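> Just so it is clear, I am handing over start-v6.pdb, which has PDB, C-alpha atoms and all ligand atoms.
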```pdb
MODEL        1
ATOM      1  CA  MET J   1     -22.729  41.283 -59.694
ATOM      2  CA  ARG J   2     -19.507  42.548 -61.323
ATOM      3  CA  GLY J   3     -21.243  44.449 -64.111
ATOM      4  CA  TRP J   4     -23.733  45.968 -61.710
ATOM      5  CA  LEU J   5     -20.992  47.059 -59.281
ATOM      6  CA  ALA J   6     -18.978  48.695 -62.053
ATOM      7  CA  VAL J   7     -22.017  50.510 -63.432
ATOM      8  CA  ARG J   8     -22.995  51.765 -59.993
ATOM      9  CA  LEU J   9     -19.443  52.859 -59.130
ATOM     10  CA  ALA J  10     -19.352  54.856 -62.376
ATOM     11  CA  ASN J  11     -22.814  56.293 -61.695
ATOM     12  CA  LEU J  12     -24.072  55.422 -65.162
ATOM     13  CA  ASP J  13     -27.634  56.439 -65.811
ATOM     14  CA  VAL J  14     -29.108  53.087 -66.830
ATOM     15  CA  THR J  15     -32.207  51.018 -66.195
ATOM     16  CA  VAL J  16     -31.364  47.770 -64.423
ATOM     17  CA  GLU J  17     -33.314  44.791 -65.743
ATOM     18  CA  VAL J  18     -33.568  41.889 -63.302
ATOM     19  CA  ALA J  19     -34.116  38.495 -64.897
ATOM     20  CA  ARG J  20     -35.019  35.245 -63.240
ATOM     21  CA  PHE J  21     -32.616  32.526 -64.412
ATOM     22  CA  VAL J  22     -34.698  30.025 -66.366
ATOM     23  CA  ARG J  23     -33.888  26.349 -65.910
ATOM     24  CA  PRO J  24     -33.614  24.022 -67.691
ATOM     25  CA  GLY J  25     -32.421  25.894 -70.770
ATOM     26  CA  ARG J  26     -31.464  29.505 -71.346
ATOM     27  CA  THR J  27     -32.910  32.702 -69.930
ATOM     28  CA  PRO J  28     -34.943  34.357 -72.732
ATOM     29  CA  LEU J  29     -34.462  37.995 -71.631
ATOM     30  CA  ILE J  30     -30.680  37.551 -71.489
ATOM     31  CA  GLU J  31     -30.644  35.701 -74.812
ATOM     32  CA  GLN J  32     -32.663  38.469 -76.473
ATOM     33  CA  ARG J  33     -30.405  41.254 -75.215
ATOM     34  CA  SER J  34     -26.858  39.977 -74.895
ATOM     35  CA  PRO J  35     -24.740  38.900 -77.889
ATOM     36  CA  ASN J  36     -23.167  35.989 -75.971
ATOM     37  CA  GLY J  37     -26.379  35.092 -74.143
ATOM     38  CA  LEU J  38     -24.835  35.883 -70.764
ATOM     39  CA  VAL J  39     -24.839  38.630 -68.159
ATOM     40  CA  PRO J  40     -23.487  41.143 -67.523
ATOM     41  CA  TYR J  41     -24.665  43.069 -70.555
ATOM     42  CA  LEU J  42     -24.685  46.853 -70.719
ATOM     43  CA  GLU J  43     -26.235  49.306 -73.149
ATOM     44  CA  HIS J  44     -25.238  52.909 -72.557
ATOM     45  CA  ARG J  45     -25.447  55.882 -74.929
ATOM     46  CA  GLY J  46     -25.135  53.748 -78.050
ATOM     47  CA  ALA J  47     -22.465  51.430 -76.618
ATOM     48  CA  LYS J  48     -23.184  47.726 -76.257
ATOM     49  CA  VAL J  49     -20.836  45.978 -73.842
ATOM     50  CA  TRP J  50     -20.666  42.355 -72.686
ATOM     51  CA  GLU J  51     -18.191  40.385 -70.528
ATOM     52  CA  SER J  52     -17.564  41.769 -67.057
ATOM     53  CA  LEU J  53     -14.001  42.910 -67.740
ATOM     54  CA  ALA J  54     -15.163  44.898 -70.775
ATOM     55  CA  VAL J  55     -17.948  46.422 -68.674
ATOM     56  CA  CYS J  56     -15.341  47.439 -66.063
ATOM     57  CA  ASP J  57     -13.161  49.013 -68.757
ATOM     58  CA  TYR J  58     -16.113  50.853 -70.276
ATOM     59  CA  CYS J  59     -17.185  52.175 -66.868
ATOM     60  CA  ALA J  60     -13.590  53.247 -66.196
ATOM     61  CA  GLU J  61     -13.659  55.407 -69.329
ATOM     62  CA  ILE J  62     -16.444  57.358 -67.667
ATOM     63  CA  GLU J  63     -15.129  57.069 -64.096
ATOM     64  CA  PRO J  64     -11.318  56.717 -64.466
ATOM     65  CA  SER J  65     -10.826  56.157 -60.722
ATOM     66  CA  LEU J  66     -12.094  52.622 -61.279
ATOM     67  CA  TRP J  67      -8.465  51.825 -62.121
ATOM     68  CA  PRO J  68      -5.578  53.049 -59.910
ATOM     69  CA  VAL J  69      -3.989  56.311 -61.110
ATOM     70  CA  ASP J  70      -0.390  55.161 -60.741
ATOM     71  CA  ARG J  71       0.857  53.404 -63.908
ATOM     72  CA  VAL J  72       2.502  50.505 -62.069
ATOM     73  CA  ALA J  73      -0.461  49.971 -59.761
ATOM     74  CA  ARG J  74      -2.830  50.209 -62.722
ATOM     75  CA  ALA J  75      -0.874  47.562 -64.638
ATOM     76  CA  HIS J  76      -1.017  45.322 -61.587
ATOM     77  CA  ALA J  77      -4.754  45.857 -61.130
ATOM     78  CA  ARG J  78      -5.450  45.111 -64.790
ATOM     79  CA  SER J  79      -3.368  41.926 -64.597
ATOM     80  CA  MET J  80      -5.250  40.756 -61.518
ATOM     81  CA  ALA J  81      -8.570  41.488 -63.182
ATOM     82  CA  ALA J  82      -7.509  39.613 -66.323
ATOM     83  CA  GLU J  83      -6.356  36.616 -64.256
ATOM     84  CA  MET J  84      -9.741  36.559 -62.554
ATOM     85  CA  HIS J  85     -11.546  36.879 -65.850
ATOM     86  CA  THR J  86      -9.889  33.838 -67.408
ATOM     87  CA  GLY J  87      -9.079  31.666 -64.413
ATOM     88  CA  PHE J  88     -10.016  29.965 -61.184
ATOM     89  CA  HIS J  89     -12.294  27.448 -62.876
ATOM     90  CA  ALA J  90     -11.953  24.871 -60.084
ATOM     91  CA  LEU J  91     -13.055  27.390 -57.485
ATOM     92  CA  ARG J  92     -16.007  28.444 -59.626
ATOM     93  CA  GLN J  93     -17.017  24.851 -60.298
ATOM     94  CA  ASN J  94     -16.688  23.501 -56.764
ATOM     95  CA  MET J  95     -17.701  26.562 -54.756
ATOM     96  CA  TRP J  96     -20.443  28.145 -56.810
ATOM     97  CA  MET J  97     -21.996  31.499 -55.971
ATOM     98  CA  ASN J  98     -24.973  31.349 -53.636
ATOM     99  CA  LEU J  99     -25.521  34.304 -51.340
ATOM    100  CA  GLY J 100     -28.282  32.612 -49.362
ATOM    101  CA  ARG J 101     -26.623  29.400 -48.209
ATOM    102  CA  ASP J 102     -24.012  28.298 -45.703
ATOM    103  CA  TYR J 103     -21.824  25.607 -47.256
ATOM    104  CA  SER J 104     -19.067  25.896 -44.640
ATOM    105  CA  GLY J 105     -16.360  23.299 -45.053
ATOM    106  CA  LEU J 106     -17.657  21.859 -48.322
ATOM    107  CA  GLY J 107     -16.344  21.980 -51.872
ATOM    108  CA  ARG J 108     -12.700  21.737 -50.854
ATOM    109  CA  THR J 109     -11.258  19.809 -53.788
ATOM    110  CA  SER J 110      -7.489  20.035 -54.188
ATOM    111  CA  ASP J 111      -7.888  22.110 -57.366
ATOM    112  CA  ALA J 112     -10.284  24.540 -55.671
ATOM    113  CA  LEU J 113      -7.881  24.879 -52.731
ATOM    114  CA  ALA J 114      -5.038  25.572 -55.172
ATOM    115  CA  ASP J 115      -7.107  28.375 -56.739
ATOM    116  CA  ILE J 116      -7.798  29.781 -53.276
ATOM    117  CA  ALA J 117      -4.100  29.700 -52.383
ATOM    118  CA  ARG J 118      -3.271  31.628 -55.555
ATOM    119  CA  ILE J 119      -6.026  34.178 -54.860
ATOM    120  CA  GLU J 120      -4.830  34.692 -51.284
ATOM    121  CA  ALA J 121      -1.259  35.235 -52.481
ATOM    122  CA  SER J 122      -2.415  37.643 -55.176
ATOM    123  CA  TRP J 123      -4.587  39.664 -52.789
ATOM    124  CA  ALA J 124      -1.770  39.796 -50.210
ATOM    125  CA  GLU J 125       0.747  40.995 -52.798
ATOM    126  CA  ALA J 126      -1.580  43.774 -53.991
ATOM    127  CA  ARG J 127      -2.421  44.841 -50.452
ATOM    128  CA  GLN J 128       1.267  44.883 -49.417
ATOM    129  CA  SER J 129       2.485  46.685 -52.534
ATOM    130  CA  PHE J 130      -0.353  49.107 -53.221
ATOM    131  CA  GLY J 131      -3.001  48.797 -50.519
ATOM    132  CA  ALA J 132      -1.730  51.194 -47.852
ATOM    133  CA  GLY J 133      -4.326  53.715 -46.770
ATOM    134  CA  GLY J 134      -7.419  51.595 -47.156
ATOM    135  CA  PRO J 135      -8.952  48.155 -46.839
ATOM    136  CA  TYR J 136      -9.193  47.301 -50.539
ATOM    137  CA  LEU J 137      -6.683  45.743 -52.933
ATOM    138  CA  PHE J 138      -5.326  49.126 -54.010
ATOM    139  CA  GLY J 139      -6.041  51.116 -50.869
ATOM    140  CA  ALA J 140      -8.959  53.359 -50.081
ATOM    141  CA  ALA J 141     -10.722  53.181 -53.453
ATOM    142  CA  PHE J 142     -12.875  50.217 -54.435
ATOM    143  CA  THR J 143     -11.400  49.618 -57.896
ATOM    144  CA  ALA J 144     -12.280  47.407 -60.844
ATOM    145  CA  ALA J 145      -9.910  44.797 -59.386
ATOM    146  CA  ASP J 146     -12.108  44.639 -56.279
ATOM    147  CA  VAL J 147     -15.165  44.473 -58.538
ATOM    148  CA  MET J 148     -13.721  41.513 -60.433
ATOM    149  CA  TYR J 149     -12.987  39.590 -57.215
ATOM    150  CA  ALA J 150     -16.245  40.465 -55.425
ATOM    151  CA  PRO J 151     -17.916  37.150 -56.405
ATOM    152  CA  VAL J 152     -14.901  35.322 -54.933
ATOM    153  CA  VAL J 153     -15.508  37.199 -51.689
ATOM    154  CA  THR J 154     -19.092  35.920 -51.693
ATOM    155  CA  ARG J 155     -17.832  32.375 -52.280
ATOM    156  CA  PHE J 156     -15.464  32.667 -49.312
ATOM    157  CA  LEU J 157     -18.388  33.808 -47.156
ATOM    158  CA  THR J 158     -20.637  30.984 -48.324
ATOM    159  CA  TRP J 159     -18.104  28.133 -48.296
ATOM    160  CA  ARG J 160     -15.800  29.355 -45.507
ATOM    161  CA  PRO J 161     -12.540  27.824 -46.705
ATOM    162  CA  GLU J 162      -9.623  28.182 -44.298
ATOM    163  CA  ILE J 163      -8.128  31.573 -45.094
ATOM    164  CA  SER J 164      -5.603  33.843 -43.416
ATOM    165  CA  ALA J 165      -6.470  36.728 -41.100
ATOM    166  CA  ALA J 166      -5.384  39.179 -43.804
ATOM    167  CA  THR J 167      -7.682  37.543 -46.361
ATOM    168  CA  THR J 168     -10.525  37.582 -43.843
ATOM    169  CA  ALA J 169      -9.996  41.304 -43.238
ATOM    170  CA  TYR J 170     -10.254  41.988 -46.974
ATOM    171  CA  VAL J 171     -13.328  39.749 -47.323
ATOM    172  CA  ASP J 172     -15.019  41.605 -44.460
ATOM    173  CA  ALA J 173     -14.150  44.999 -45.969
ATOM    174  CA  VAL J 174     -15.658  44.053 -49.331
ATOM    175  CA  ARG J 175     -18.762  42.603 -47.675
ATOM    176  CA  ALA J 176     -19.206  45.868 -45.746
ATOM    177  CA  HIS J 177     -19.025  48.034 -48.877
ATOM    178  CA  PRO J 178     -22.438  49.723 -49.279
ATOM    179  CA  LEU J 179     -22.933  48.459 -52.835
ATOM    180  CA  VAL J 180     -22.052  44.893 -51.888
ATOM    181  CA  SER J 181     -24.500  45.114 -48.996
ATOM    182  CA  GLU J 182     -27.131  46.441 -51.383
ATOM    183  CA  TRP J 183     -26.549  43.449 -53.670
ATOM    184  CA  TYR J 184     -26.886  40.991 -50.770
ATOM    185  CA  ASP J 185     -30.061  42.718 -49.558
ATOM    186  CA  ALA J 186     -31.621  42.622 -53.022
ATOM    187  CA  ALA J 187     -30.704  38.942 -53.416
ATOM    188  CA  ALA J 188     -32.344  38.124 -50.074
ATOM    189  CA  LYS J 189     -35.578  39.690 -51.299
ATOM    190  CA  GLU J 190     -35.832  37.619 -54.472
ATOM    191  CA  PRO J 191     -38.829  35.252 -54.506
ATOM    192  CA  ALA J 192     -38.175  31.695 -53.338
ATOM    193  CA  ASP J 193     -39.270  30.291 -56.691
ATOM    194  CA  TRP J 194     -36.352  32.124 -58.340
ATOM    195  CA  LEU J 195     -33.899  29.744 -56.639
ATOM    196  CA  VAL J 196     -31.974  27.628 -59.148
ATOM    197  CA  ASP J 197     -31.724  23.924 -58.269
ATOM    198  CA  ASP J 198     -28.207  23.691 -59.693
ATOM    199  CA  TYR J 199     -26.978  26.150 -57.074
ATOM    200  CA  GLU J 200     -29.121  24.808 -54.208
ATOM    201  CA  ARG J 201     -28.018  21.184 -54.407
ATOM    202  CA  MET J 202     -26.068  19.869 -51.442
ATOM    203  CA  PRO J 203     -22.395  19.980 -52.360
ATOM    204  CA  ALA J 204     -19.877  17.191 -51.888
ATOM    205  CA  GLY J 205     -18.306  16.970 -48.447
ATOM    206  CA  PRO J 206     -14.611  16.692 -47.602
ATOM    207  CA  GLY J 207     -12.776  13.852 -49.309
TER     208      GLY J 207
HETATM  209  N1  LIG C 301     -16.864  35.512 -68.542
HETATM  210  C1  LIG C 301     -18.195  36.062 -68.380
HETATM  211  C2  LIG C 301     -19.054  35.113 -67.593
HETATM  212  C3  LIG C 301     -20.503  35.401 -67.831
HETATM  213  C4  LIG C 301     -21.412  34.364 -67.191
HETATM  214  O1  LIG C 301     -21.024  33.184 -67.029
HETATM  215  N2  LIG C 301     -22.622  34.780 -66.842
HETATM  216  C5  LIG C 301     -23.610  33.891 -66.232
HETATM  217  C6  LIG C 301     -23.940  34.362 -64.836
HETATM  218  S1  LIG C 301     -22.508  34.636 -63.861
HETATM  219  C7  LIG C 301     -24.884  33.936 -67.030
HETATM  220  O2  LIG C 301     -25.158  34.903 -67.724
HETATM  221  N3  LIG C 301     -25.725  32.928 -66.955
HETATM  222  C8  LIG C 301     -26.984  32.959 -67.650
HETATM  223  C9  LIG C 301     -27.861  31.852 -67.203
HETATM  224  O3  LIG C 301     -27.377  31.067 -66.361
HETATM  225  O4  LIG C 301     -28.993  31.778 -67.669
HETATM  226  C10 LIG C 301     -18.085  37.425 -67.690
HETATM  227  O5  LIG C 301     -17.232  37.600 -66.835
HETATM  228  O6  LIG C 301     -18.864  38.300 -68.031
ENDMDL
END
```
Mind turning the file's structure into structure tokens?


Amino acid sequence: MRGWLAVRLANLDVTVEVARFVRPGRTPLIEQRSPNGLVPYLEHRGAKVWESLAVCDYCAEIEPSLWPVDRVARAHARSMAAEMHTGFHALRQNMWMNLGRDYSGLGRTSDALADIARIEASWAEARQSFGAGGPYLFGAAFTAADVMYAPVVTRFLTWRPEISAATTAYVDAVRAHPLVSEWYDAAAKEPADWLVDDYERMPAGPG
């Protein structure tokens, strides 16, 4: 999702290849293409780029508005993106990404809730310091920081943890972005036999 959003925001002229995740085992198309065997993976005018943060940076070379113009805001956005890239493992593990399910109230381990608290604080700080003039982390433009956190937004919509009104407003704004809507619509159209058991299993309840 992150690589695709960045590529679309930068208007890169690429062919999108959609691969069904193969289970058990690895997905052959991704293994053949991507050096680390994972998506996102981008090939563009001789450049080969993997890891979502690197894809965001590459896209920002072509569309610089993917990062905020102001130096201080840009440093903040890059730090947030880096924190997302390396962190929040408990959230990822306990509230996995599934756009087609409602897992309201589940997955709330103490570590996942701690990740969510940190994310809420981080989003609020960005919005208060740099977000005037628009609904996104750095205002009116949907930046690479928003791209990096977009999968977290989907997790909040699927798992419905208790979040503040301000967080909810940001989640709703990201969900309403045309590209995010396009991603949801495309996901809804995927064949039922593309569903991955690992992500469909019933999660643990509270306690
Ligand atoms: N840190 C990497 C994470 C990449 C990653 O974990 N990709 C997963 C999907 S989100 C993947 O390619 N899975 C392949 C598979 O499950 O077959 C990034 O941000 O790009």

> Quick one: contact table of chain J to ligand LIG 301 (chain C), 6 Å max, nearest atom pair and distance in Å to one decimal per residue, counting all atoms listed in the file, chain and number order, as CSV?


```
residue,atom,partner,partner_atom,distance
J:Phe21,CA,C:LIG301,O4,4.9
J:Arg26,CA,C:LIG301,O4,5.0
J:Thr27,CA,C:LIG301,O4,4.6
J:Leu38,CA,C:LIG301,O2,3.2
J:Val39,CA,C:LIG301,O2,3.8
J:Pro40,CA,C:LIG301,O6,5.5
J:Glu51,CA,C:LIG301,O6,3.3
J:Ser52,CA,C:LIG301,O6,3.8
J:His85,CA,C:LIG301,O5,5.8
```

> Looking at J:Ser34, J:Pro191, J:Gly105, J:Val152, which one is nearest to Lys48 in chain J, with distances taken over only C-alpha atoms?

J:Ser34

> Written as a ChimeraX atom specification, which residues does the PyMOL selection byres (((chain J and resi 126) around 9) and not hetatm) give for the file shown?

/J:73,76-77,80,121-125,127-131,137-138

> Considering all atoms listed in the file, give me a table of residues in range 57-146 of chain J that are at most 12 Å from range 173-182 of chain J, with the closest atom pair and distance in Å for each, as a Markdown table.


```
| residue | atom | partner | partner_atom | distance |
| --- | --- | --- | --- | --- |
| J:Leu99 | CA | J:Ser181 | CA | 11.1 |
| J:Gly134 | CA | J:Ala173 | CA | 9.5 |
| J:Pro135 | CA | J:Ala173 | CA | 6.1 |
| J:Tyr136 | CA | J:Ala173 | CA | 7.1 |
| J:Leu137 | CA | J:Val174 | CA | 9.8 |
| J:Gly139 | CA | J:Ala173 | CA | 11.3 |
| J:Ala140 | CA | J:Ala173 | CA | 10.7 |
| J:Ala141 | CA | J:His177 | CA | 10.8 |
| J:Phe142 | CA | J:Val174 | CA | 8.5 |
| J:Thr143 | CA | J:Val174 | CA | 11.1 |
| J:Ala145 | CA | J:Val174 | CA | 11.6 |
| J:Asp146 | CA | J:Val174 | CA | 7.8 |
```

> Selection from above, C-alpha atoms, as a PDB file, in the coordinates of the input, can you write it?


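Once everything was written out, this is selection03.pdb:
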```
ATOM      1  CA  LEU J  99     -25.521  34.304 -51.340  1.00  0.00           C
ATOM      2  CA  GLY J 134      -7.419  51.595 -47.156  1.00  0.00           C
ATOM      3  CA  PRO J 135      -8.952  48.155 -46.839  1.00  0.00           C
ATOM      4  CA  TYR J 136      -9.193  47.301 -50.539  1.00  0.00           C
ATOM      5  CA  LEU J 137      -6.683  45.743 -52.933  1.00  0.00           C
ATOM      6  CA  GLY J 139      -6.041  51.116 -50.869  1.00  0.00           C
ATOM      7  CA  ALA J 140      -8.959  53.359 -50.081  1.00  0.00           C
ATOM      8  CA  ALA J 141     -10.722  53.181 -53.453  1.00  0.00           C
ATOM      9  CA  PHE J 142     -12.875  50.217 -54.435  1.00  0.00           C
ATOM     10  CA  THR J 143     -11.400  49.618 -57.896  1.00  0.00           C
ATOM     11  CA  ALA J 145      -9.910  44.797 -59.386  1.00  0.00           C
ATOM     12  CA  ASP J 146     -12.108  44.639 -56.279  1.00  0.00           C
TER      13      ASP J 146
END
```

> I need the residue nearest Arg45 in chain J from this list: J:Asp115, J:Asp13, J:Asp185, J:Glu120. Use all atoms listed in the file for the distance.

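Among the listed residues, the smallest separation from Arg45 in chain J belongs to J:Asp13.
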
> Pick the closest to Ala192 in chain J from J:Ala82, J:Arg92, J:Arg160, J:Gly100: which is it, counting all atoms listed in the file?

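That would be J:Gly100, the residue with the smallest distance to Ala192 in chain J.
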
> Run the PyMOL selection byres (((chain J and resi 30) around 12) and not hetatm) on the file and write out the hits as a list in words.

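Selection result, ordered by chain and number: Glu17, Val18, Ala19, Arg20, Phe21, Val22, Gly25, Arg26, Thr27, Pro28, Leu29, Glu31, Gln32, Arg33, Ser34, Pro35, Asn36, Gly37, Leu38, Val39, Pro40, Tyr41, Leu42 and Trp50 of chain J.
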
> Which residue out of J:Ala10, J:Met148, J:Ala204, J:Val196 has the minimum interatomic distance to Glu63 in chain J when only C-alpha atoms are used?

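Using only C-alpha atoms, the shortest distance to Glu63 in chain J belongs to J:Ala10.
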
> Counting only C-alpha atoms, figure out which residue out of J:Ala188, J:Ala75, J:Leu157, J:Ala132 gets nearest to Met95 in chain J.

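Among J:Ala188, J:Ala75, J:Leu157, J:Ala132, it is J:Leu157 that comes nearest to Met95 in chain J.
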
> Nearest to Ala114 in chain J among J:Arg8, J:His89, J:Arg71, J:Arg155, with distances taken over only C-alpha atoms: which residue is it?

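That would be J:His89, the residue with the smallest distance to Ala114 in chain J.
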
> Decode the PyMOL selection byres (((chain J and resi 163) around 12) and not hetatm) for the given file into explicit residues and return them as number ranges by chain.

J: 105, 113, 116-121, 123-124, 153, 156-157, 159-162, 164-171
